[in-house]
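Single-structure report; data block below.
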Amino acid sequence: MHSKTIRVNMLSRVEGEGSLVVKIRGDQLIDVQLKIFEPPRFFEALLRGRHFTEAPDITARICGICPVAYQMSAAHAMERLAGVTVDGPLRDLRRLLYCGEWIESHALHIYLLHAPDFLGYDDSLQMAKAHPEIVQRGLALKKLGNDLMACIGGREIHPINVKVGGFYVVPTAKPLRAFRERLARAQDAALETVRWVASFAFPAFEQDYEFVALRHPEEYPMNEGRIVSSAGLDIDVDEVERHLLEEQVPHSNALQAHRPDGGAYHVGPMARYALNAQRLSPIARQAAREAGLPPVCRNPFQSIVVRSVELLEAIVEAERLIARYEPPDRPSVEVNPPAGVAAWATEAPRGLLYHRYRLDEHGHILEATIMPPTSQNQRMIEQDVRRLVATRLALPTEQLTWQCEQAIRNYDPCISCATHFLTVKVARE
Amino acid sequence: MRARRPKLAVWKFASCDGCQLTLLDCEDELLAIAGVVELAYFPEASRAVARGPYDVSLVEGSVTTPHDAQRIQQIRRRSKRLVAIGACATAGGIQALRNFHNVLKFASSVYPRPEYLETLATSTPIADHVPVDLELRGCPISKSQLLEALSAVLHGRKPNLPTFSVCLECKRRGIPCVMVSRGIPCLGPVTQAGCGAICPAYQRGCYGCFGPMESPNPSSLNQQWRRLGVGEERIRQAYRTFNAAAQPFLRASSDERRKV
């Protein structure tokens, strides 16, 4: 019996280290394993004994691509336990900082990591030789996100200005207003981005996903909301661990999340869009419509279109927040959490990020649990690869391997986060 | 004939990806860099892999697994110049906090089945394993220092990297001392410059992410912190973050020295 193994020993254009092994015997798919060999760093353990005020800076180090997500989930968790709500301009500033991270992370993934797959290039630098103006446009968008983060956060990677309760210092209106002209240009560039990615050829691959994301009554979700799913889940963040479970599997250094019935679920831009499309700005909604996106997009290869719509949304939202910004009287509010359990979830660029801490009466962390988006998507990614390979067994190995890689990159996986994961390998026995 | 471009490789060990992202964050310089060097191995950015040996290897992250301890040896053998980038690669990173604990207990508190994991008891910097040609500090590294280091290594000159403290950067930027003027505890006097004194500029004390300066005097700084009313436990914890295993910070946070 003819058999083979497709093996990608080091998944590229993803953040962190993982591999994929696909085993095929004859015309049968035997096994798919997404292996995460990113070494574990034990964040939940090293947080024990630390003061609650240190959680935003320490957890930011889980991921250099989405540090703001970690800072936001941690800060909001502590504030909730203390019964403190941060509102007004401080709330706006945090959302603006998050917009900066979405813009940077989405532009990075769309232009530098994902688009080369659709156009047949190994990387964006190769792509830049044929399409210099396109790559330049992506880099300019990415830089805008970084500059916004640096303005508010002090620097783009591991910002230093976030604290529980707000900021160390708040910007005056002037440096933020200076972004308005760039944001106006960026809005055009983001519209061009949506049109560009919508013109790519997408393999037919509609899936019946359970999408999970935050939902906020008025806004496209970032920092706040109930956790809802396309299957009818609608819960407060306190109830997460009864509905979204984590499990360890032998082949991975990341814990896999699933629903109580063992089913995989999907977090990230496609989930947010499916559950919140009506909360997008009119400009983003129209761009989605013109790009031919249905109200619920079920083809993961089209995630690049959804991500581009979100890139546009983050730019429009940043402009809105800056236009109305007036510096608050105080850069932060006082937060004194009692002993107890602090939980919160925010929307990292790649999906729902859940934190839970147990604090003692002195504000020290006794226990920490963190569920990053990629560990929640891991089971879904394996399922996608399995279904993709099952219908494409006749493809030449090289082509099949590339499609498998692409199926993984659809999720913009962050392996550094998930290990608290990517190499692809297809084995034909 | 066009001269061969030097081959650049980017390697990852235990880390958050932030330091190698710094290279992709050079939005204005990235395409120019790609014109001068061949990005021969950079999996975060490309699926193409060119074989070694490599002229310059940038190494991010710390060594925390038996496999990685082997891998760094192979990388060293294939690299003419090896540059360790960031607090993980130069000091072991935040994950070196495991060095103060029983790693098995650590693992079992995160993973229900720690036996599935392969991990070392310690997180150690690259220089503990192989000779390193140049180290870039920081959590994360500074973009301008990365560009300076790359340029220096490619031209065979000494890079211009400061070994003095963050205090000098505050003076140069005209930032009033946060410790003196506002009573905010600051690690700036013992921390190596390079960030541009961002934290004091944002009215916050430096938290030491660039690691110890050349000749730090932590016991003197600790006295100052005590005068500001900071307790012993908080002083110890202040050194135990992203450069906890760097020798001067390690000594400053150890019990014997605290009694002085």
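Ordering of the structure tokens sets the chain letters (A, B, ...); residue numbers start at 1 within each chain; ligands are numbered from 1 in the order shown.
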Taking only C-alpha atoms into account, find every residue of chain A that has an atom no more than 7 Å from chain B, and write it out as a ChimeraX atom specification.
/A:12-16,38-39,41-42,44-46,61-65,112-113,122-123,139,143,154,157,160-161,168-169,248,250,253,416
What would the file look like if the residues just selected were written as an mmCIF file, in the first residue's frame with C-alpha atoms?
data_model
loop_
_atom_site.group_PDB
_atom_site.id
_atom_site.type_symbol
_atom_site.label_atom_id
_atom_site.label_comp_id
_atom_site.auth_asym_id
_atom_site.auth_seq_id
_atom_site.Cartn_x
_atom_site.Cartn_y
_atom_site.Cartn_z
ATOM 1 C CA SER A 12 6.746 29.545 8.721
ATOM 2 C CA ARG A 13 5.046 32.923 8.687
ATOM 3 C CA VAL A 14 3.475 32.276 12.050
ATOM 4 C CA GLU A 15 4.554 33.537 15.436
ATOM 5 C CA GLY A 16 6.375 30.860 17.409
ATOM 6 C CA GLU A 38 7.597 26.029 21.378
ATOM 7 C CA PRO A 39 9.149 25.465 24.798
ATOM 8 C CA ARG A 41 7.535 29.147 29.808
ATOM 9 C CA PHE A 42 5.143 28.491 32.719
ATOM 10 C CA GLU A 44 0.762 30.836 35.195
ATOM 11 C CA ALA A 45 3.280 29.421 37.667
ATOM 12 C CA LEU A 46 5.646 32.382 37.711
ATOM 13 C CA ARG A 61 5.728 39.028 27.711
ATOM 14 C CA ILE A 62 3.656 36.032 26.654
ATOM 15 C CA CYS A 63 3.406 37.631 23.220
ATOM 16 C CA GLY A 64 5.461 40.307 21.464
ATOM 17 C CA ILE A 65 2.792 40.548 18.716
ATOM 18 C CA LEU A 112 3.726 40.022 5.357
ATOM 19 C CA LEU A 113 2.458 36.597 6.449
ATOM 20 C CA ASP A 122 7.608 32.390 -0.305
ATOM 21 C CA ASP A 123 7.488 35.691 1.500
ATOM 22 C CA LEU A 139 4.252 48.496 5.741
ATOM 23 C CA LYS A 143 3.797 51.511 10.939
ATOM 24 C CA GLY A 154 5.556 54.501 25.186
ATOM 25 C CA ILE A 157 6.310 46.100 21.774
ATOM 26 C CA ILE A 160 5.202 50.633 29.386
ATOM 27 C CA ASN A 161 2.356 53.068 30.013
ATOM 28 C CA TYR A 168 0.922 56.311 34.164
ATOM 29 C CA VAL A 169 0.491 59.435 32.099
ATOM 30 C CA GLN A 248 -3.558 18.597 27.388
ATOM 31 C CA PRO A 250 0.617 14.374 24.229
ATOM 32 C CA ASN A 253 3.068 21.937 24.497
ATOM 33 C CA SER A 416 4.382 31.732 21.459
#
For the structure I just gave you, how does DSSP split segment 30-209 of chain B - specifically, which residues are strand (DSSP E or B)? Reply as number ranges by chain.
B: 38-41, 46, 54-60, 62-63, 79-85, 124, 134-136, 165, 191-192
Using DSSP on the backbone coordinates, identify all residues within segment 134-249 of chain B classified as helix (DSSP H, G or I); present the result as a count of residues only.
54
Excluding Tyr239 of chain B and any residue of its chain fewer than 2 positions from it, enumerate the residues within 12 Å of it, using only C-alpha atoms, and give them as a ChimeraX atom specification.
/B:93-94,97,186-188,190-191,206-212,218-219,221-222,232-237,241-254,258
Just want the 12 Å neighbourhood of Glu218 of chain A, counted on only C-alpha atoms, with same-chain residues fewer than 5 positions away dropped. Output as a list in words.
Glu224, Gly225, Asn276, Ala277, Gln278, Arg279, Leu280 and Ser281 of chain A
Write the residues of the selection above to a file with all heavy atoms, as a CSV table (one decimal), in the first residue's frame.
chain,number,residue,atom,x,y,z
A,224,GLU,N,-14.6,44.8,26.1
A,224,GLU,CA,-15.8,44.5,26.9
A,224,GLU,C,-16.8,43.7,26.2
A,224,GLU,O,-17.0,43.9,25.0
A,224,GLU,CB,-16.5,45.8,27.4
A,224,GLU,CG,-15.6,46.6,28.3
A,224,GLU,CD,-16.2,48.0,28.5
A,224,GLU,OE1,-17.5,48.1,28.3
A,224,GLU,OE2,-15.5,48.9,28.9
A,225,GLY,N,-17.6,42.9,26.9
A,225,GLY,CA,-18.7,42.3,26.3
A,225,GLY,C,-19.0,40.9,26.9
A,225,GLY,O,-18.2,40.4,27.7
A,276,ASN,N,-20.9,40.0,15.2
A,276,ASN,CA,-21.0,41.4,15.5
A,276,ASN,C,-21.0,42.3,14.2
A,276,ASN,O,-20.8,43.5,14.3
A,276,ASN,CB,-19.8,41.9,16.3
A,276,ASN,CG,-19.7,41.3,17.7
A,276,ASN,OD1,-20.4,41.7,18.6
A,276,ASN,ND2,-18.9,40.2,17.8
A,277,ALA,N,-21.3,41.7,13.1
A,277,ALA,CA,-21.2,42.5,11.8
A,277,ALA,C,-22.0,43.8,11.8
A,277,ALA,O,-21.6,44.8,11.3
A,277,ALA,CB,-21.6,41.6,10.6
A,278,GLN,N,-23.2,43.7,12.5
A,278,GLN,CA,-24.1,44.9,12.5
A,278,GLN,C,-23.5,46.0,13.4
A,278,GLN,O,-24.0,47.1,13.3
A,278,GLN,CB,-25.5,44.5,12.9
A,278,GLN,CG,-25.7,44.0,14.3
A,278,GLN,CD,-25.4,42.5,14.5
A,278,GLN,OE1,-24.5,42.0,13.8
A,278,GLN,NE2,-26.1,41.9,15.4
A,279,ARG,N,-22.5,45.7,14.2
A,279,ARG,CA,-21.8,46.7,15.0
A,279,ARG,C,-20.6,47.4,14.3
A,279,ARG,O,-20.0,48.3,14.9
A,279,ARG,CB,-21.5,46.2,16.3
A,279,ARG,CG,-22.7,45.9,17.2
A,279,ARG,CD,-22.3,45.1,18.4
A,279,ARG,NE,-23.6,44.6,19.1
A,279,ARG,CZ,-24.3,43.5,18.7
A,279,ARG,NH1,-23.9,42.8,17.7
A,279,ARG,NH2,-25.4,43.2,19.3
A,280,LEU,N,-20.3,47.0,13.1
A,280,LEU,CA,-19.3,47.6,12.4
A,280,LEU,C,-19.7,49.0,11.9
A,280,LEU,O,-20.9,49.3,11.8
A,280,LEU,CB,-18.9,46.8,11.1
A,280,LEU,CG,-18.1,45.5,11.3
A,280,LEU,CD1,-18.2,44.7,9.9
A,280,LEU,CD2,-16.7,45.8,11.7
A,281,SER,N,-18.7,49.9,11.7
A,281,SER,CA,-19.0,51.2,11.2
A,281,SER,C,-19.7,51.1,9.8
A,281,SER,O,-19.4,50.1,9.1
A,281,SER,CB,-17.8,52.1,11.1
A,281,SER,OG,-16.9,51.4,10.2
Tell me which protein, DNA and RNA residues are within 7 Å of Leu191 of chain A, counting only C-alpha atoms, leaving out same-chain ones fewer than 3 positions away, and put them as a ChimeraX atom specification.
/A:187-188,194-195,287,312
